[in-house]
file model.txt (compact mmCIF, N, CA and C atoms)
# COMPACT_ATOMS: atom_id res chain seq x y z
N MET A 21 176.34 32.08 20.25
CA MET A 21 175.85 31.08 21.16
C MET A 21 174.40 31.32 21.57
N GLY A 22 173.82 32.47 21.23
CA GLY A 22 172.44 32.75 21.59
C GLY A 22 171.48 31.72 21.02
N ALA A 23 171.80 31.16 19.86
CA ALA A 23 170.92 30.19 19.22
C ALA A 23 170.81 28.91 20.05
N ILE A 24 171.85 28.60 20.81
CA ILE A 24 171.82 27.38 21.61
C ILE A 24 170.73 27.44 22.67
N VAL A 25 170.44 28.63 23.18
CA VAL A 25 169.42 28.79 24.21
C VAL A 25 168.04 28.57 23.64
N GLU A 26 167.83 28.91 22.37
CA GLU A 26 166.53 28.83 21.72
C GLU A 26 166.21 27.45 21.18
N ASP A 27 167.20 26.62 20.95
CA ASP A 27 167.02 25.33 20.28
C ASP A 27 166.65 24.25 21.30
N GLU A 28 165.35 23.91 21.38
CA GLU A 28 164.87 22.92 22.35
C GLU A 28 165.52 21.55 22.17
N ASP A 29 165.65 21.09 20.93
CA ASP A 29 166.25 19.78 20.68
C ASP A 29 167.70 19.74 21.16
N LEU A 30 168.44 20.80 20.88
CA LEU A 30 169.83 20.87 21.31
C LEU A 30 169.91 20.93 22.83
N ASN A 31 169.03 21.70 23.45
CA ASN A 31 169.02 21.77 24.91
C ASN A 31 168.72 20.41 25.53
N GLU A 32 167.82 19.64 24.93
CA GLU A 32 167.53 18.29 25.42
C GLU A 32 168.77 17.40 25.29
N GLN A 33 169.49 17.55 24.19
CA GLN A 33 170.71 16.76 24.00
C GLN A 33 171.77 17.15 25.03
N LEU A 34 171.88 18.46 25.29
CA LEU A 34 172.84 18.93 26.28
C LEU A 34 172.45 18.47 27.68
N LEU A 35 171.16 18.44 27.97
CA LEU A 35 170.68 17.95 29.26
C LEU A 35 171.05 16.47 29.42
N THR A 36 170.90 15.70 28.36
CA THR A 36 171.27 14.29 28.38
C THR A 36 172.77 14.13 28.63
N ILE A 37 173.57 15.00 28.03
CA ILE A 37 175.01 14.96 28.26
C ILE A 37 175.32 15.25 29.73
N ALA A 38 174.65 16.27 30.28
CA ALA A 38 174.86 16.62 31.70
C ALA A 38 174.43 15.47 32.60
N GLN A 39 173.29 14.86 32.32
CA GLN A 39 172.82 13.73 33.12
C GLN A 39 173.80 12.57 33.06
N GLY A 40 174.31 12.30 31.87
CA GLY A 40 175.28 11.21 31.70
C GLY A 40 176.56 11.48 32.48
N PHE A 41 177.05 12.72 32.42
CA PHE A 41 178.26 13.07 33.14
C PHE A 41 178.06 12.88 34.65
N LEU A 42 176.95 13.40 35.17
CA LEU A 42 176.67 13.28 36.60
C LEU A 42 176.53 11.82 37.02
N ALA A 43 175.84 11.03 36.23
CA ALA A 43 175.64 9.61 36.56
C ALA A 43 176.96 8.85 36.55
N ARG A 44 177.82 9.15 35.57
CA ARG A 44 179.12 8.46 35.47
C ARG A 44 180.03 8.80 36.64
N HIS A 45 179.96 10.04 37.12
CA HIS A 45 180.92 10.49 38.11
C HIS A 45 180.36 10.58 39.53
N GLU A 46 179.07 10.27 39.71
CA GLU A 46 178.44 10.37 41.02
C GLU A 46 179.11 9.47 42.05
N SER A 47 179.58 8.32 41.62
CA SER A 47 180.15 7.36 42.57
C SER A 47 181.65 7.56 42.80
N ASP A 48 182.25 8.55 42.16
CA ASP A 48 183.67 8.83 42.42
C ASP A 48 183.84 9.08 43.92
N SER A 49 184.71 8.35 44.55
CA SER A 49 184.81 8.38 46.02
C SER A 49 185.28 9.71 46.58
N VAL A 50 186.03 10.47 45.83
CA VAL A 50 186.57 11.73 46.37
C VAL A 50 185.75 12.95 45.94
N VAL A 51 184.62 12.73 45.28
CA VAL A 51 183.86 13.85 44.74
C VAL A 51 182.60 14.08 45.57
N ASP A 52 182.48 15.31 46.13
CA ASP A 52 181.23 15.66 46.80
C ASP A 52 180.32 16.35 45.78
N ASP A 53 179.10 16.66 46.18
CA ASP A 53 178.12 17.21 45.24
C ASP A 53 178.57 18.53 44.63
N GLN A 54 179.19 19.40 45.41
CA GLN A 54 179.63 20.70 44.89
C GLN A 54 180.70 20.52 43.81
N VAL A 55 181.67 19.64 44.07
CA VAL A 55 182.73 19.38 43.10
C VAL A 55 182.14 18.74 41.84
N LEU A 56 181.25 17.79 42.02
CA LEU A 56 180.60 17.13 40.89
C LEU A 56 179.85 18.14 40.04
N PHE A 57 179.09 19.03 40.69
CA PHE A 57 178.34 20.07 39.98
C PHE A 57 179.29 20.94 39.15
N CYS A 58 180.36 21.41 39.77
CA CYS A 58 181.32 22.27 39.08
C CYS A 58 181.98 21.55 37.90
N ARG A 59 182.33 20.29 38.11
CA ARG A 59 182.95 19.53 37.02
C ARG A 59 181.98 19.34 35.85
N ALA A 60 180.70 19.12 36.15
CA ALA A 60 179.70 18.96 35.09
C ALA A 60 179.52 20.26 34.31
N VAL A 61 179.51 21.39 35.01
CA VAL A 61 179.40 22.69 34.33
C VAL A 61 180.62 22.90 33.44
N LYS A 62 181.80 22.62 33.96
CA LYS A 62 183.03 22.76 33.17
C LYS A 62 183.00 21.84 31.95
N HIS A 63 182.46 20.63 32.12
CA HIS A 63 182.36 19.69 31.01
C HIS A 63 181.51 20.29 29.88
N LEU A 64 180.37 20.87 30.23
CA LEU A 64 179.51 21.49 29.21
C LEU A 64 180.18 22.72 28.61
N GLN A 65 180.88 23.49 29.43
CA GLN A 65 181.59 24.65 28.89
C GLN A 65 182.68 24.21 27.91
N GLY A 66 183.22 23.02 28.13
CA GLY A 66 184.24 22.48 27.23
C GLY A 66 183.71 22.18 25.84
N ILE A 67 182.39 22.08 25.70
CA ILE A 67 181.80 21.89 24.37
C ILE A 67 181.04 23.15 23.96
N ASP A 68 181.56 24.30 24.44
CA ASP A 68 181.08 25.63 24.05
C ASP A 68 179.67 25.99 24.50
N VAL A 69 179.24 25.46 25.62
CA VAL A 69 177.95 25.85 26.19
C VAL A 69 178.22 27.05 27.11
N PRO A 70 177.49 28.15 26.95
CA PRO A 70 177.70 29.30 27.84
C PRO A 70 177.47 28.93 29.30
N MET A 71 178.20 29.59 30.21
CA MET A 71 178.14 29.22 31.63
C MET A 71 176.72 29.29 32.19
N HIS A 72 175.95 30.33 31.86
CA HIS A 72 174.60 30.44 32.43
C HIS A 72 173.72 29.27 32.01
N LEU A 73 173.87 28.83 30.76
CA LEU A 73 173.09 27.69 30.28
C LEU A 73 173.62 26.39 30.88
N ALA A 74 174.93 26.27 30.97
CA ALA A 74 175.53 25.06 31.57
C ALA A 74 175.07 24.90 33.01
N GLU A 75 175.05 25.99 33.78
CA GLU A 75 174.59 25.92 35.17
C GLU A 75 173.13 25.52 35.25
N ARG A 76 172.31 26.08 34.35
CA ARG A 76 170.88 25.74 34.36
C ARG A 76 170.67 24.28 34.01
N LEU A 77 171.36 23.79 32.98
CA LEU A 77 171.22 22.40 32.56
C LEU A 77 171.72 21.43 33.64
N VAL A 78 172.85 21.74 34.25
CA VAL A 78 173.40 20.87 35.28
C VAL A 78 172.50 20.90 36.52
N SER A 79 171.94 22.06 36.85
CA SER A 79 171.01 22.13 37.98
C SER A 79 169.82 21.22 37.75
N HIS A 80 169.28 21.26 36.53
CA HIS A 80 168.14 20.41 36.19
C HIS A 80 168.54 18.93 36.25
N ALA A 81 169.69 18.60 35.66
CA ALA A 81 170.16 17.22 35.65
C ALA A 81 170.44 16.73 37.07
N TYR A 82 171.02 17.59 37.89
CA TYR A 82 171.32 17.24 39.28
C TYR A 82 170.03 16.94 40.05
N GLY A 83 169.04 17.79 39.85
CA GLY A 83 167.74 17.58 40.50
C GLY A 83 167.11 16.27 40.09
N GLU A 84 167.17 15.96 38.81
CA GLU A 84 166.63 14.69 38.31
C GLU A 84 167.38 13.50 38.92
N LEU A 85 168.69 13.61 38.98
CA LEU A 85 169.50 12.52 39.52
C LEU A 85 169.19 12.27 40.99
N LYS A 86 169.06 13.34 41.76
CA LYS A 86 168.84 13.21 43.19
C LYS A 86 167.40 12.83 43.54
N SER A 87 166.46 13.08 42.65
CA SER A 87 165.06 12.80 42.98
C SER A 87 164.49 11.60 42.23
N CYS A 88 165.31 10.87 41.50
CA CYS A 88 164.79 9.78 40.67
C CYS A 88 164.13 8.67 41.50
N ASN A 89 164.54 8.50 42.76
CA ASN A 89 163.95 7.45 43.59
C ASN A 89 162.85 7.98 44.51
N ASP A 90 162.49 9.23 44.37
CA ASP A 90 161.45 9.83 45.21
C ASP A 90 160.14 9.78 44.45
N ARG A 91 159.13 9.18 45.03
CA ARG A 91 157.86 9.01 44.32
C ARG A 91 157.01 10.28 44.33
N ARG A 92 157.30 11.22 45.24
CA ARG A 92 156.53 12.47 45.29
C ARG A 92 156.85 13.34 44.10
N ARG A 93 155.82 14.02 43.59
CA ARG A 93 155.96 14.82 42.38
C ARG A 93 155.29 16.17 42.55
N LEU A 94 155.79 17.17 41.85
CA LEU A 94 155.17 18.48 41.79
C LEU A 94 154.02 18.40 40.80
N ASP A 95 152.83 18.78 41.24
CA ASP A 95 151.66 18.81 40.36
C ASP A 95 151.61 20.20 39.73
N ILE A 96 152.18 20.31 38.56
CA ILE A 96 152.30 21.60 37.89
C ILE A 96 150.93 22.19 37.58
N GLY A 97 150.00 21.36 37.17
CA GLY A 97 148.66 21.84 36.83
C GLY A 97 147.91 22.41 38.02
N ALA A 98 148.14 21.88 39.19
CA ALA A 98 147.45 22.37 40.39
C ALA A 98 148.23 23.48 41.10
N SER A 99 149.50 23.65 40.78
CA SER A 99 150.33 24.67 41.42
C SER A 99 150.06 26.04 40.80
N SER A 100 150.42 27.08 41.54
CA SER A 100 150.31 28.44 41.03
C SER A 100 151.65 29.15 41.22
N GLU A 101 151.68 30.44 40.95
CA GLU A 101 152.92 31.19 41.14
C GLU A 101 153.32 31.26 42.61
N THR A 102 152.38 31.11 43.52
CA THR A 102 152.66 31.28 44.95
C THR A 102 152.53 30.01 45.77
N VAL A 103 151.98 28.94 45.19
CA VAL A 103 151.78 27.69 45.93
C VAL A 103 152.24 26.51 45.07
N ALA A 104 153.10 25.67 45.66
CA ALA A 104 153.53 24.44 45.00
C ALA A 104 152.70 23.30 45.56
N VAL A 105 152.06 22.55 44.68
CA VAL A 105 151.26 21.40 45.10
C VAL A 105 152.06 20.14 44.82
N ILE A 106 152.31 19.38 45.89
CA ILE A 106 153.11 18.17 45.81
C ILE A 106 152.20 16.98 46.09
N THR A 107 152.32 15.94 45.26
CA THR A 107 151.47 14.77 45.43
C THR A 107 152.33 13.52 45.61
N ASP A 108 151.73 12.55 46.27
CA ASP A 108 152.36 11.24 46.43
C ASP A 108 151.37 10.23 45.85
N PRO A 109 151.59 9.80 44.62
CA PRO A 109 150.64 8.90 43.98
C PRO A 109 150.47 7.56 44.70
N ALA A 110 151.46 7.15 45.46
CA ALA A 110 151.38 5.86 46.13
C ALA A 110 150.34 5.84 47.25
N ASN A 111 150.17 6.97 47.93
CA ASN A 111 149.21 6.98 49.03
C ASN A 111 148.11 8.02 48.86
N GLY A 112 148.14 8.78 47.75
CA GLY A 112 147.10 9.75 47.45
C GLY A 112 147.20 11.06 48.22
N MET A 113 148.27 11.24 48.99
CA MET A 113 148.43 12.46 49.77
C MET A 113 148.81 13.63 48.86
N THR A 114 148.33 14.82 49.25
CA THR A 114 148.65 16.05 48.53
C THR A 114 149.00 17.13 49.54
N TRP A 115 150.03 17.90 49.24
CA TRP A 115 150.44 19.01 50.10
C TRP A 115 150.49 20.29 49.28
N ALA A 116 149.93 21.36 49.80
CA ALA A 116 150.03 22.69 49.20
C ALA A 116 151.03 23.48 50.03
N VAL A 117 152.15 23.84 49.42
CA VAL A 117 153.23 24.50 50.15
C VAL A 117 153.45 25.89 49.56
N PRO A 118 153.27 26.94 50.37
CA PRO A 118 153.53 28.28 49.86
C PRO A 118 154.99 28.42 49.43
N VAL A 119 155.20 29.07 48.29
CA VAL A 119 156.55 29.25 47.77
C VAL A 119 157.42 29.99 48.78
N GLY A 120 156.83 30.93 49.51
CA GLY A 120 157.59 31.65 50.53
C GLY A 120 158.21 30.74 51.56
N LEU A 121 157.49 29.68 51.95
CA LEU A 121 158.06 28.71 52.90
C LEU A 121 159.22 27.94 52.29
N ILE A 122 159.09 27.60 51.03
CA ILE A 122 160.17 26.89 50.34
C ILE A 122 161.41 27.77 50.31
N VAL A 123 161.22 29.03 49.97
CA VAL A 123 162.35 29.97 49.92
C VAL A 123 162.97 30.11 51.31
N ARG A 124 162.15 30.32 52.32
CA ARG A 124 162.64 30.57 53.67
C ARG A 124 163.36 29.35 54.25
N HIS A 125 162.80 28.17 54.08
CA HIS A 125 163.33 26.99 54.76
C HIS A 125 164.25 26.11 53.91
N VAL A 126 164.25 26.31 52.62
CA VAL A 126 165.11 25.50 51.76
C VAL A 126 166.15 26.36 51.05
N ILE A 127 165.69 27.31 50.27
CA ILE A 127 166.60 28.10 49.45
C ILE A 127 167.47 29.03 50.29
N ASN A 128 166.87 29.75 51.25
CA ASN A 128 167.64 30.70 52.07
C ASN A 128 168.18 30.10 53.35
N SER A 129 168.03 28.82 53.54
CA SER A 129 168.53 28.16 54.74
C SER A 129 170.05 28.30 54.81
N PRO A 130 170.60 28.67 55.97
CA PRO A 130 172.05 28.79 56.09
C PRO A 130 172.79 27.49 55.77
N SER A 131 172.13 26.38 56.01
CA SER A 131 172.80 25.10 55.75
C SER A 131 172.71 24.67 54.28
N ASN A 132 171.95 25.42 53.49
CA ASN A 132 171.80 25.06 52.07
C ASN A 132 173.09 25.38 51.33
N ARG A 133 173.60 24.38 50.64
CA ARG A 133 174.78 24.59 49.82
C ARG A 133 174.34 25.04 48.45
N LYS A 134 174.86 26.14 48.01
CA LYS A 134 174.55 26.66 46.68
C LYS A 134 175.34 25.86 45.65
N LEU A 135 174.63 25.24 44.74
CA LEU A 135 175.30 24.49 43.68
C LEU A 135 175.48 25.42 42.48
N ARG A 136 176.57 26.11 42.48
CA ARG A 136 176.92 27.00 41.40
C ARG A 136 178.40 26.76 41.10
N LEU A 137 178.80 27.18 39.93
CA LEU A 137 180.19 27.02 39.55
C LEU A 137 181.06 27.88 40.45
N VAL A 138 182.04 27.27 41.08
CA VAL A 138 182.95 27.99 41.95
C VAL A 138 184.34 27.91 41.32
N GLU A 139 184.85 29.06 40.97
CA GLU A 139 186.18 29.11 40.35
C GLU A 139 187.25 28.98 41.44
N PRO A 140 188.28 28.18 41.20
CA PRO A 140 189.36 28.04 42.20
C PRO A 140 190.19 29.30 42.30

call {"tool": "encode", "arguments": {"input": "model.txt", "output": "structure tokens"}}
result
Amino acid sequence: MGAIVEDEDLNEQLLTIAQGFLARHESDSVVDDQVLFCRAVKHLQGIDVPMHLAERLVSHAYGELKSCNDRRRLDIGASSETVAVITDPANGMTWAVPVGLIVRHVINSPSNRKLRLVEP
């Protein structure tokens, strides 16, 4: 399975599969985000994708799904290892946000739900 990690075309196809699964099941009335995430990871594992890769692909697909209506974007060219530069093309605003603040207030926030595969 190591070859699957190296194959960009295959990874793009798997990402498309993850995006499709999330989009199809997002409106299921009894499914919250954590359950949806876990089901998408299991779906990829069902086609022999290793768990670490399935989690990474589903995380990416989940982020795309949840941010598709947000006009703000990360300016990768202007960002560095320690500062994320976010732009809003509609109004020309730009924000430089230290990565440490993102970690402290988003990633390590007690209210942040970790979207990882949770085994029953």

call {"tool": "select_by_dssp", "arguments": {"input": "model.txt", "residues": "chain A", "states": "strand (DSSP E or B)", "output": "PyMOL selection string"}}
result
chain A and resi 93-94+103-108+113-118

call {"tool": "atom_distance", "arguments": {"input": "model.txt", "atom1": "atom CA of A:Lys86", "atom2": "atom CA of A:Gly112"}}
result
22.4 Å

call {"tool": "atom_distance", "arguments": {"input": "model.txt", "atom1": "atom N of A:Thr36", "atom2": "atom N of A:Asn128"}}
result
27.2 Å

call {"tool": "atom_distance", "arguments": {"input": "model.txt", "atom1": "atom CA of A:Val103", "atom2": "atom CA of A:Ser129"}}
result
18.9 Å

call {"tool": "closest_residue", "arguments": {"input": "model.txt", "among": "A:Ile122, A:Val61, A:Ala110, A:Val55", "to": "A:Ser79", "atoms": "only C-alpha atoms"}}
result
A:Val61

call {"tool": "axis_aligned_box", "arguments": {"input": "model.txt", "around": "stretch 67-78 of chain A", "padding_each_side": "3 Å", "output": "JSON"}}
result
{"center_x": 176.5, "center_y": 25.7, "center_z": 30.2, "size_x": 17.7, "size_y": 15.6, "size_z": 18.6}

call {"tool": "closest_residue", "arguments": {"input": "model.txt", "among": "A:Asp68, A:Glu46, A:Glu32, A:Asp108", "to": "A:Leu94", "atoms": "all atoms listed in the file"}}
result
A:Asp108

call {"tool": "residues_around", "arguments": {"input": "model.txt", "residues": "A:Leu85", "least_positions_apart": "3", "cutoff": "10 Å", "atoms": "only C-alpha atoms", "output": "PyMOL selection string"}}
result
chain A and resi 39-40+42-43+46+79-82+88-89

call {"tool": "closest_residue", "arguments": {"input": "model.txt", "among": "A:Val126, A:Arg76, A:Ala98, A:Ala104", "to": "A:Leu35", "atoms": "all atoms listed in the file"}}
result
A:Arg76

call {"tool": "closest_residue", "arguments": {"input": "model.txt", "among": "A:Asp27, A:Leu56, A:Ser87, A:Thr102", "to": "A:Gly120", "atoms": "all atoms listed in the file"}}
result
A:Thr102
